$ cat protein32.tsv   # TSV, C-alpha atoms and all ligand atoms
chain	number	residue	atom	x	y	z
V	27	MET	CA	45.03	54.82	29.74
V	28	CYS	CA	43.52	54.35	26.35
V	29	GLY	CA	42.64	56.88	23.70
V	30	ILE	CA	40.22	58.75	21.47
V	31	VAL	CA	40.76	60.50	18.18
V	32	GLY	CA	38.19	62.07	15.88
V	33	GLY	CA	37.91	64.56	13.09
V	34	VAL	CA	35.71	66.35	10.60
V	35	ALA	CA	37.70	67.49	7.55
V	36	ASN	CA	37.59	68.40	3.86
V	37	ASN	CA	39.40	65.22	2.86
V	38	ASN	CA	39.04	61.52	3.72
V	39	ILE	CA	39.40	61.19	7.49
V	40	THR	CA	40.29	57.47	7.73
V	41	PRO	CA	44.11	57.80	7.31
V	42	LEU	CA	44.17	60.56	9.91
V	43	LEU	CA	42.20	58.43	12.40
V	44	LEU	CA	44.65	55.55	11.94
V	45	GLU	CA	47.66	57.84	12.37
V	46	GLY	CA	46.06	59.29	15.51
V	47	LEU	CA	45.49	55.81	16.95
V	48	LYS	CA	49.14	54.90	16.31
V	49	ARG	CA	50.26	58.00	18.18
V	50	LEU	CA	48.07	56.93	21.12
V	51	GLU	CA	49.50	53.40	21.27
V	52	TYR	CA	52.02	54.33	23.96
V	53	ARG	CA	49.12	54.80	26.40
V	54	GLY	CA	48.34	51.07	26.36
V	55	TYR	CA	45.25	49.28	24.98
V	56	ASP	CA	43.88	45.86	24.07
V	57	SER	CA	41.80	46.58	20.97
V	58	SER	CA	40.94	49.41	18.61
V	59	GLY	CA	38.29	50.59	16.22
V	60	LEU	CA	37.04	53.41	14.06
V	61	ILE	CA	33.83	54.55	12.42
V	62	VAL	CA	33.27	56.92	9.51
V	63	LEU	CA	30.08	58.39	8.11
V	64	SER	CA	30.02	57.76	4.37
V	65	LYS	CA	28.59	60.21	1.82
V	66	ASN	CA	25.14	58.60	2.02
V	67	ASN	CA	25.16	59.05	5.81
V	68	THR	CA	25.64	55.44	6.76
V	69	PHE	CA	28.09	54.27	9.40
V	70	ASN	CA	31.08	52.20	8.31
V	71	ARG	CA	32.88	50.63	11.23
V	72	ALA	CA	36.00	48.45	11.67
V	73	ARG	CA	37.20	46.95	14.94
V	74	SER	CA	40.09	44.63	15.81
V	75	VAL	CA	41.53	43.00	18.90
V	76	GLY	CA	45.24	43.60	19.52
V	77	LYS	CA	47.52	46.09	17.81
V	78	VAL	CA	46.38	49.05	15.69
V	79	GLN	CA	48.29	47.25	12.91
V	80	ASN	CA	45.54	44.58	13.02
V	81	LEU	CA	42.95	47.30	12.44
V	82	GLN	CA	45.04	48.66	9.58
V	83	ASN	CA	45.25	45.17	8.01
V	84	ASN	CA	41.49	44.78	8.50
V	85	LEU	CA	40.94	48.04	6.59
V	86	LYS	CA	43.35	47.04	3.82
V	87	THR	CA	41.64	43.74	3.12
V	88	ARG	CA	38.12	45.21	2.84
V	89	LYS	CA	36.41	45.15	-0.53
V	90	HIS	CA	34.51	48.34	0.29
V	91	LYS	CA	36.90	50.93	1.66
V	92	ILE	CA	35.94	53.08	4.64
V	93	ILE	CA	35.88	56.63	3.30
V	94	GLY	CA	34.25	59.80	4.58
V	95	ASN	CA	34.86	63.27	5.96
V	96	ILE	CA	33.85	62.65	9.56
V	97	GLY	CA	34.81	59.90	11.97
V	98	ILE	CA	35.84	58.85	15.46
V	99	ALA	CA	38.31	56.20	16.63
V	100	HIS	CA	39.35	54.51	19.86
V	101	THR	CA	41.97	52.42	21.57
V	102	ARG	CA	40.32	50.45	24.36
V	103	TRP	CA	41.62	49.25	27.68
V	104	ALA	CA	38.78	47.01	28.81
V	105	THR	CA	37.19	47.70	32.17
V	106	HIS	CA	33.79	46.06	31.53
V	107	GLY	CA	33.71	43.07	29.18
V	108	GLU	CA	36.66	41.15	27.75
V	109	PRO	CA	38.77	42.48	24.88
V	110	SER	CA	36.76	41.39	21.81
V	111	ASN	CA	35.47	42.79	18.53
V	112	ASN	CA	31.96	43.29	19.92
V	113	ASN	CA	33.21	45.08	23.00
V	114	ALA	CA	35.62	47.30	21.05
V	115	HIS	CA	34.48	50.84	20.40
V	116	PRO	CA	32.91	52.70	18.56
V	117	HIS	CA	29.45	51.64	19.72
V	118	ILE	CA	26.32	52.38	17.68
V	119	SER	CA	22.71	52.99	18.68
V	120	LYS	CA	20.02	52.34	16.07
V	121	ASN	CA	22.21	53.43	13.13
V	122	SER	CA	21.71	56.94	14.45
V	123	VAL	CA	24.42	57.63	17.02
V	124	SER	CA	27.98	56.40	17.46
V	125	VAL	CA	30.18	56.87	20.51
V	126	VAL	CA	33.76	56.33	21.62
V	127	HIS	CA	34.33	56.46	25.36
V	128	ASN	CA	37.33	56.52	27.68
V	129	GLY	CA	36.59	56.03	31.35
V	130	ILE	CA	33.99	54.19	33.42
V	131	ILE	CA	30.22	54.73	33.67
V	132	GLU	CA	29.50	53.75	37.26
V	133	ASN	CA	25.69	53.63	36.95
V	134	TYR	CA	25.59	51.66	33.69
V	135	ILE	CA	23.70	48.72	35.23
V	136	GLU	CA	20.74	50.96	36.19
V	137	LEU	CA	20.84	52.74	32.83
V	138	LYS	CA	21.02	49.46	30.94
V	139	ALA	CA	18.01	48.03	32.80
V	140	LEU	CA	16.00	51.12	31.90
V	141	GLN	CA	17.11	51.13	28.27
V	142	LEU	CA	16.27	47.44	27.84
V	143	LYS	CA	12.71	48.31	28.94
V	144	GLN	CA	12.72	51.15	26.40
V	145	GLY	CA	13.48	48.62	23.65
V	146	TYR	CA	17.22	49.18	23.13
V	147	GLU	CA	19.32	46.18	22.16
V	148	PHE	CA	22.85	45.66	23.43
V	149	SER	CA	25.61	44.16	21.34
V	150	SER	CA	28.43	44.51	23.88
V	151	GLU	CA	29.17	43.85	27.55
V	152	THR	CA	30.66	47.31	28.06
V	153	ASP	CA	29.52	50.09	30.34
V	154	SER	CA	29.99	52.46	27.39
V	155	GLU	CA	27.15	51.27	25.14
V	156	VAL	CA	24.55	52.92	27.41
V	157	ILE	CA	25.97	56.31	26.33
V	158	ALA	CA	25.09	55.70	22.67
V	159	HIS	CA	21.53	54.68	23.60
V	160	ALA	CA	21.13	57.62	26.02
V	161	VAL	CA	22.07	60.05	23.24
V	162	ASP	CA	19.76	58.34	20.73
V	163	LEU	CA	16.91	58.56	23.24
V	164	ALA	CA	17.61	62.24	23.88
V	165	MET	CA	17.58	62.89	20.12
V	166	GLN	CA	13.90	62.05	20.09
V	167	SER	CA	13.14	65.14	22.18
V	168	CYS	CA	16.04	67.49	21.31
V	169	ASN	CA	16.64	69.40	18.07
V	170	THR	CA	20.39	68.96	17.74
V	171	LEU	CA	23.12	66.44	18.51
V	172	LEU	CA	24.69	68.98	20.86
V	173	SER	CA	21.53	69.45	22.95
V	174	SER	CA	20.96	65.66	22.91
V	175	VAL	CA	24.45	65.00	24.29
V	176	GLN	CA	24.00	67.76	26.87
V	177	LYS	CA	20.80	66.06	28.01
V	178	ALA	CA	22.20	62.50	27.91
V	179	ILE	CA	25.35	63.19	29.94
V	180	LYS	CA	23.22	64.44	32.83
V	181	SER	CA	22.24	60.80	33.39
V	182	LEU	CA	25.86	59.55	33.52
V	183	LYS	CA	27.80	58.97	36.72
V	184	GLY	CA	31.52	58.27	36.46
V	185	SER	CA	34.37	59.43	34.27
V	186	TYR	CA	34.28	60.02	30.56
V	187	GLY	CA	36.01	61.41	27.56
V	188	LEU	CA	33.58	61.15	24.65
V	189	GLY	CA	33.54	61.56	20.89
V	190	ILE	CA	30.05	61.36	19.39
V	191	ILE	CA	28.73	61.53	15.82
V	192	SER	CA	25.26	61.07	14.34
V	193	SER	CA	23.92	60.13	10.91
V	194	LYS	CA	21.12	62.62	11.56
V	195	GLN	CA	23.54	65.55	11.80
V	196	PRO	CA	26.47	64.36	9.71
V	197	ASP	CA	28.70	67.45	9.77
V	198	ILE	CA	29.50	67.71	13.46
V	199	ILE	CA	31.44	65.89	16.20
V	200	ILE	CA	30.47	66.45	19.80
V	201	ALA	CA	33.18	66.10	22.42
V	202	ALA	CA	32.55	65.92	26.15
V	203	ARG	CA	34.73	65.16	29.10
V	204	SER	CA	34.57	64.70	32.83
V	205	GLY	CA	37.58	63.27	34.63
V	206	SER	CA	39.19	61.95	31.40
V	207	PRO	CA	41.43	64.04	29.16
V	208	LEU	CA	40.35	65.37	25.75
V	209	VAL	CA	41.81	68.13	23.58
V	210	ILE	CA	40.33	69.97	20.60
V	211	GLY	CA	42.42	70.97	17.58
V	212	LEU	CA	41.19	73.61	15.16
V	213	GLY	CA	42.73	73.41	11.69
V	214	GLU	CA	42.42	75.10	8.32
V	215	HIS	CA	41.04	72.00	6.62
V	216	GLY	CA	39.36	70.32	9.53
V	217	ASN	CA	38.75	70.18	13.26
V	218	TYR	CA	39.85	67.37	15.52
V	219	ILE	CA	39.56	65.83	18.96
V	220	ALA	CA	42.03	63.56	20.75
V	221	SER	CA	43.01	62.28	24.16
V	222	ASP	CA	46.27	64.20	23.98
V	223	GLN	CA	48.30	66.55	21.79
V	224	MET	CA	50.39	63.66	20.41
V	225	ALA	CA	47.42	62.47	18.39
V	301	LIG	N1	34.90	51.28	30.21
V	301	LIG	C1	34.96	51.20	28.78
V	301	LIG	C2	35.09	49.80	28.27
V	301	LIG	O1	35.40	48.89	29.01
V	301	LIG	C3	36.02	52.10	28.21
V	301	LIG	C4	37.42	51.65	28.54
V	301	LIG	C5	38.44	52.62	28.01
V	301	LIG	O2	38.58	53.71	28.60
V	301	LIG	O3	39.10	52.27	27.02
V	301	LIG	O4	34.86	49.59	27.11

$ encode --input "protein32.tsv" --output "C-alpha cells" --more "lines below"
Ligand code: GLU
Amino acid sequence: MCGIVGGVANNNITPLLLEGLKRLEYRGYDSSGLIVLSKNNTFNRARSVGKVQNLQNNLKTRKHKIIGNIGIAHTRWATHGEPSNNNAHPHISKNSVSVVHNGIIENYIELKALQLKQGYEFSSETDSEVIAHAVDLAMQSCNTLLSSVQKAIKSLKGSYGLGIISSKQPDIIIAARSGSPLVIGLGEHGNYIASDQMA
C-alpha cells in the first residue's frame, strides 16, 4: 500500500510533504512525487523513481526551489504502467488540476477513450491520469473545485484515495476516498490530509 500526503498551511508546505512521505515509506512504494502551487498560481512538480531520498536530492539540486503554501504528495506502488518519472504522481490536467491517487480506477480505459476524443492529452500510462482530466472537464460546468470533484468521481469505478488541488482555486485541497484510507488533520496553522495518522 502506497501513500498520500497533502496540506494547506501558513508556511512553506514542501518540507512537511517530504516528512509526510518519509513517514509513509513503511507502506512500500516504487516512486514518489510532490506538487506545490507557487505564489503566482503555477504548479511546481518534482518526481523521482526509487526512494523518497531521491526526491529529496532532486529538490536540493534544483535552481528554482519548490515553495508554496499548498501542495500534495504521493508514494506510488505501480498497478498500471511501469515505475517511471512520467507515471509517478502527481498528475496534471491542462495546468489547471493536479491529482494524487491511491487505488485502481477499473473503468479507466473507457474514460481515457472518451477523454482523448474530448482533446485531452495523456503523459502517463496510469489509470490515475483520467481523474485529473475528469475534474478539469467538470470545472468547465461547475463553480467550485469541490463541486467539480463531486461531479467527476461519479464517473469513477474502482477504489480511490484522492488529494486534488487546482490553480483556479488555489487555497483549498479536496480529499475523497472510496475503499482506500485517508485521514484529515485540522491544525492551528494549516490543514492536512494523509493515508494514515503516521504522516
Ligand atoms: N493505480 C495507480 C497507479 O498505478 C495508483 C497506484 C497507487 O496506489 O500508488 O499509478

$ closest_residue --input "protein32.tsv" --among "V:Val175, V:Ile61, V:Val156, V:Ile190" --to "V:Leu140" --atoms "all atoms listed in the file"
V:Val156

$ residues_around --input "protein32.tsv" --residues "V:Gly211" --least-positions-apart "3" --cutoff "9 Å" --atoms "only C-alpha atoms" --output "number ranges by chain"
V: 216-220, 223

$ write_last_selection --input "protein32.tsv" --atoms "C-alpha atoms" --output "compact mmCIF listing (two decimals), in the frame of the given file"
# COMPACT_ATOMS: atom_id res chain seq x y z
CA GLY V 216 39.36 70.32 9.53
CA ASN V 217 38.75 70.18 13.26
CA TYR V 218 39.85 67.37 15.52
CA ILE V 219 39.56 65.83 18.96
CA ALA V 220 42.03 63.56 20.75
CA GLN V 223 48.30 66.55 21.79

$ atom_distance --input "protein32.tsv" --atom1 "atom CA of V:Leu172" --atom2 "atom CA of V:Val126"
15.6 Å

$ residues_around --input "protein32.tsv" --residues "V:Ser57" --least-positions-apart "4" --cutoff "10 Å" --atoms "all atoms listed in the file" --output "ChimeraX atom specification"
/V:28,73-78,80-81,100-104,109-111,113-115

$ closest_atom_pairs --input "protein32.tsv" --of "chain V" --to "ligand LIG 301 (chain V)" --cutoff "12 Å" --atoms "only C-alpha atoms and all ligand atoms" --output "JSON lines"
{"residue": "V:Met27", "atom": "CA", "partner": "V:LIG301", "partner_atom": "O2", "distance": 6.6}
{"residue": "V:Cys28", "atom": "CA", "partner": "V:LIG301", "partner_atom": "O3", "distance": 4.9}
{"residue": "V:Gly29", "atom": "CA", "partner": "V:LIG301", "partner_atom": "O3", "distance": 6.7}
{"residue": "V:Ile30", "atom": "CA", "partner": "V:LIG301", "partner_atom": "O3", "distance": 8.6}
{"residue": "V:Leu50", "atom": "CA", "partner": "V:LIG301", "partner_atom": "O3", "distance": 11.7}
{"residue": "V:Glu51", "atom": "CA", "partner": "V:LIG301", "partner_atom": "O3", "distance": 11.9}
{"residue": "V:Arg53", "atom": "CA", "partner": "V:LIG301", "partner_atom": "O3", "distance": 10.4}
{"residue": "V:Gly54", "atom": "CA", "partner": "V:LIG301", "partner_atom": "O3", "distance": 9.3}
{"residue": "V:Tyr55", "atom": "CA", "partner": "V:LIG301", "partner_atom": "O3", "distance": 7.1}
{"residue": "V:Asp56", "atom": "CA", "partner": "V:LIG301", "partner_atom": "O3", "distance": 8.5}
{"residue": "V:Ser57", "atom": "CA", "partner": "V:LIG301", "partner_atom": "O3", "distance": 8.7}
{"residue": "V:Ser58", "atom": "CA", "partner": "V:LIG301", "partner_atom": "O3", "distance": 9.1}
{"residue": "V:Gly59", "atom": "CA", "partner": "V:LIG301", "partner_atom": "O3", "distance": 11.0}
{"residue": "V:Ala99", "atom": "CA", "partner": "V:LIG301", "partner_atom": "O3", "distance": 11.1}
{"residue": "V:His100", "atom": "CA", "partner": "V:LIG301", "partner_atom": "O3", "distance": 7.5}
{"residue": "V:Thr101", "atom": "CA", "partner": "V:LIG301", "partner_atom": "O3", "distance": 6.2}
{"residue": "V:Arg102", "atom": "CA", "partner": "V:LIG301", "partner_atom": "O3", "distance": 3.4}
{"residue": "V:Trp103", "atom": "CA", "partner": "V:LIG301", "partner_atom": "O3", "distance": 4.0}
{"residue": "V:Ala104", "atom": "CA", "partner": "V:LIG301", "partner_atom": "O1", "distance": 3.9}
{"residue": "V:Thr105", "atom": "CA", "partner": "V:LIG301", "partner_atom": "O1", "distance": 3.8}
{"residue": "V:His106", "atom": "CA", "partner": "V:LIG301", "partner_atom": "O1", "distance": 4.1}
{"residue": "V:Gly107", "atom": "CA", "partner": "V:LIG301", "partner_atom": "O1", "distance": 6.1}
{"residue": "V:Glu108", "atom": "CA", "partner": "V:LIG301", "partner_atom": "O1", "distance": 7.9}
{"residue": "V:Pro109", "atom": "CA", "partner": "V:LIG301", "partner_atom": "O1", "distance": 8.3}
{"residue": "V:Ser110", "atom": "CA", "partner": "V:LIG301", "partner_atom": "O4", "distance": 9.9}
{"residue": "V:Asn111", "atom": "CA", "partner": "V:LIG301", "partner_atom": "O4", "distance": 11.0}
{"residue": "V:Asn112", "atom": "CA", "partner": "V:LIG301", "partner_atom": "O4", "distance": 10.0}
{"residue": "V:Asn113", "atom": "CA", "partner": "V:LIG301", "partner_atom": "O4", "distance": 6.3}
{"residue": "V:Ala114", "atom": "CA", "partner": "V:LIG301", "partner_atom": "O4", "distance": 6.5}
{"residue": "V:His115", "atom": "CA", "partner": "V:LIG301", "partner_atom": "O4", "distance": 6.8}
{"residue": "V:Pro116", "atom": "CA", "partner": "V:LIG301", "partner_atom": "O4", "distance": 9.3}
{"residue": "V:His117", "atom": "CA", "partner": "V:LIG301", "partner_atom": "O4", "distance": 9.4}
{"residue": "V:Val125", "atom": "CA", "partner": "V:LIG301", "partner_atom": "C3", "distance": 10.8}
{"residue": "V:Val126", "atom": "CA", "partner": "V:LIG301", "partner_atom": "C3", "distance": 8.2}
{"residue": "V:His127", "atom": "CA", "partner": "V:LIG301", "partner_atom": "C3", "distance": 5.5}
{"residue": "V:Asn128", "atom": "CA", "partner": "V:LIG301", "partner_atom": "O2", "distance": 3.2}
{"residue": "V:Gly129", "atom": "CA", "partner": "V:LIG301", "partner_atom": "O2", "distance": 4.1}
{"residue": "V:Ile130", "atom": "CA", "partner": "V:LIG301", "partner_atom": "N1", "distance": 4.4}
{"residue": "V:Ile131", "atom": "CA", "partner": "V:LIG301", "partner_atom": "N1", "distance": 6.8}
{"residue": "V:Glu132", "atom": "CA", "partner": "V:LIG301", "partner_atom": "N1", "distance": 9.2}
{"residue": "V:Asn133", "atom": "CA", "partner": "V:LIG301", "partner_atom": "N1", "distance": 11.7}
{"residue": "V:Tyr134", "atom": "CA", "partner": "V:LIG301", "partner_atom": "N1", "distance": 9.9}
{"residue": "V:Ser150", "atom": "CA", "partner": "V:LIG301", "partner_atom": "O4", "distance": 8.8}
{"residue": "V:Glu151", "atom": "CA", "partner": "V:LIG301", "partner_atom": "O4", "distance": 8.1}
{"residue": "V:Thr152", "atom": "CA", "partner": "V:LIG301", "partner_atom": "O4", "distance": 4.9}
{"residue": "V:Asp153", "atom": "CA", "partner": "V:LIG301", "partner_atom": "N1", "distance": 5.5}
{"residue": "V:Ser154", "atom": "CA", "partner": "V:LIG301", "partner_atom": "C1", "distance": 5.3}
{"residue": "V:Glu155", "atom": "CA", "partner": "V:LIG301", "partner_atom": "O4", "distance": 8.1}
{"residue": "V:Val156", "atom": "CA", "partner": "V:LIG301", "partner_atom": "C1", "distance": 10.6}
{"residue": "V:Ile157", "atom": "CA", "partner": "V:LIG301", "partner_atom": "C1", "distance": 10.6}
{"residue": "V:Gly184", "atom": "CA", "partner": "V:LIG301", "partner_atom": "N1", "distance": 10.0}
{"residue": "V:Ser185", "atom": "CA", "partner": "V:LIG301", "partner_atom": "O2", "distance": 9.1}
{"residue": "V:Tyr186", "atom": "CA", "partner": "V:LIG301", "partner_atom": "O2", "distance": 7.9}
{"residue": "V:Gly187", "atom": "CA", "partner": "V:LIG301", "partner_atom": "O2", "distance": 8.2}
{"residue": "V:Leu188", "atom": "CA", "partner": "V:LIG301", "partner_atom": "O2", "distance": 9.8}
{"residue": "V:Gly205", "atom": "CA", "partner": "V:LIG301", "partner_atom": "O2", "distance": 11.3}
{"residue": "V:Ser206", "atom": "CA", "partner": "V:LIG301", "partner_atom": "O2", "distance": 8.7}
{"residue": "V:Pro207", "atom": "CA", "partner": "V:LIG301", "partner_atom": "O2", "distance": 10.7}
{"residue": "V:Ser221", "atom": "CA", "partner": "V:LIG301", "partner_atom": "O2", "distance": 10.6}

$ atom_distance --input "protein32.tsv" --atom1 "atom CA of V:Val209" --atom2 "atom CA of V:Thr170"
22.2 Å

$ residues_around --input "protein32.tsv" --residues "V:Arg88" --least-positions-apart "6" --cutoff "12 Å" --atoms "all atoms listed in the file" --output "PyMOL selection string"
chain V and resi 70-72+81-82

$ closest_residue --input "protein32.tsv" --among "V:Ile135, V:Ile118, V:Ala178, V:Val123" --to "V:Glu147" --atoms "all atoms listed in the file"
V:Ile118

$ atom_distance --input "protein32.tsv" --atom1 "atom CA of V:Ser193" --atom2 "atom CA of V:Ile96"
10.3 Å

$ closest_residue --input "protein32.tsv" --among "V:Gln176, V:Asn169, V:Ser124, V:Ser204" --to "V:Gly189" --atoms "only C-alpha atoms"
V:Ser124

$ closest_residue --input "protein32.tsv" --among "V:Leu85, V:Leu42, V:Ile93, V:Met165" --to "V:Ser192" --atoms "only C-alpha atoms"
V:Met165

$ decode --input "protein32.tsv" --residues "stretch 102-119 of chain V" --atoms "N, CA and C atoms" --output "PDB file, in the first residue's frame"
ATOM      1  N   ARG V 102       4.088   5.958  -4.780  1.00  0.00           N
ATOM      2  CA  ARG V 102       3.330   5.119  -5.733  1.00  0.00           C
ATOM      3  C   ARG V 102       3.766   3.660  -5.658  1.00  0.00           C
ATOM      4  N   TRP V 103       2.803   2.798  -5.745  1.00  0.00           N
ATOM      5  CA  TRP V 103       3.066   1.375  -5.959  1.00  0.00           C
ATOM      6  C   TRP V 103       2.335   1.048  -7.259  1.00  0.00           C
ATOM      7  N   ALA V 104       3.097   0.964  -8.333  1.00  0.00           N
ATOM      8  CA  ALA V 104       2.520   0.907  -9.678  1.00  0.00           C
ATOM      9  C   ALA V 104       1.554  -0.259  -9.855  1.00  0.00           C
ATOM     10  N   THR V 105       0.369   0.044 -10.355  1.00  0.00           N
ATOM     11  CA  THR V 105      -0.540  -1.014 -10.795  1.00  0.00           C
ATOM     12  C   THR V 105      -0.742  -0.937 -12.314  1.00  0.00           C
ATOM     13  N   HIS V 106      -0.668   0.263 -12.881  1.00  0.00           N
ATOM     14  CA  HIS V 106      -0.861   0.446 -14.325  1.00  0.00           C
ATOM     15  C   HIS V 106       0.261   1.336 -14.854  1.00  0.00           C
ATOM     16  N   GLY V 107       1.182   0.743 -15.598  1.00  0.00           N
ATOM     17  CA  GLY V 107       2.346   1.486 -16.086  1.00  0.00           C
ATOM     18  C   GLY V 107       3.526   1.255 -15.162  1.00  0.00           C
ATOM     19  N   GLU V 108       4.707   1.120 -15.764  1.00  0.00           N
ATOM     20  CA  GLU V 108       5.923   0.798 -15.000  1.00  0.00           C
ATOM     21  C   GLU V 108       6.286   1.945 -14.050  1.00  0.00           C
ATOM     22  N   PRO V 109       7.111   1.645 -13.040  1.00  0.00           N
ATOM     23  CA  PRO V 109       7.630   2.738 -12.215  1.00  0.00           C
ATOM     24  C   PRO V 109       8.540   3.640 -13.064  1.00  0.00           C
ATOM     25  N   SER V 110       8.148   4.890 -13.253  1.00  0.00           N
ATOM     26  CA  SER V 110       8.940   5.834 -14.056  1.00  0.00           C
ATOM     27  C   SER V 110       8.557   7.247 -13.637  1.00  0.00           C
ATOM     28  N   ASN V 111       9.368   8.215 -14.039  1.00  0.00           N
ATOM     29  CA  ASN V 111       9.050   9.608 -13.695  1.00  0.00           C
ATOM     30  C   ASN V 111       7.693  10.019 -14.248  1.00  0.00           C
ATOM     31  N   ASN V 112       7.428   9.678 -15.505  1.00  0.00           N
ATOM     32  CA  ASN V 112       6.158  10.102 -16.130  1.00  0.00           C
ATOM     33  C   ASN V 112       4.940   9.457 -15.486  1.00  0.00           C
ATOM     34  N   ASN V 113       5.122   8.235 -14.997  1.00  0.00           N
ATOM     35  CA  ASN V 113       3.976   7.553 -14.383  1.00  0.00           C
ATOM     36  C   ASN V 113       3.813   7.915 -12.905  1.00  0.00           C
ATOM     37  N   ALA V 114       4.860   8.503 -12.311  1.00  0.00           N
ATOM     38  CA  ALA V 114       4.762   8.892 -10.898  1.00  0.00           C
ATOM     39  C   ALA V 114       3.738  10.013 -10.749  1.00  0.00           C
ATOM     40  N   HIS V 115       3.099  10.036  -9.613  1.00  0.00           N
ATOM     41  CA  HIS V 115       2.113  11.086  -9.321  1.00  0.00           C
ATOM     42  C   HIS V 115       2.878  12.270  -8.719  1.00  0.00           C
ATOM     43  N   PRO V 116       2.334  13.446  -8.587  1.00  0.00           N
ATOM     44  CA  PRO V 116       1.014  13.912  -9.024  1.00  0.00           C
ATOM     45  C   PRO V 116       0.888  14.006 -10.552  1.00  0.00           C
ATOM     46  N   HIS V 117      -0.358  13.842 -11.020  1.00  0.00           N
ATOM     47  CA  HIS V 117      -0.666  14.076 -12.427  1.00  0.00           C
ATOM     48  C   HIS V 117      -1.347  15.434 -12.569  1.00  0.00           C
ATOM     49  N   ILE V 118      -1.196  16.020 -13.769  1.00  0.00           N
ATOM     50  CA  ILE V 118      -1.719  17.375 -14.010  1.00  0.00           C
ATOM     51  C   ILE V 118      -2.613  17.338 -15.244  1.00  0.00           C
ATOM     52  N   SER V 119      -3.719  18.076 -15.200  1.00  0.00           N
ATOM     53  CA  SER V 119      -4.531  18.275 -16.399  1.00  0.00           C
ATOM     54  C   SER V 119      -4.548  19.755 -16.749  1.00  0.00           C
TER      55      SER V 119
END
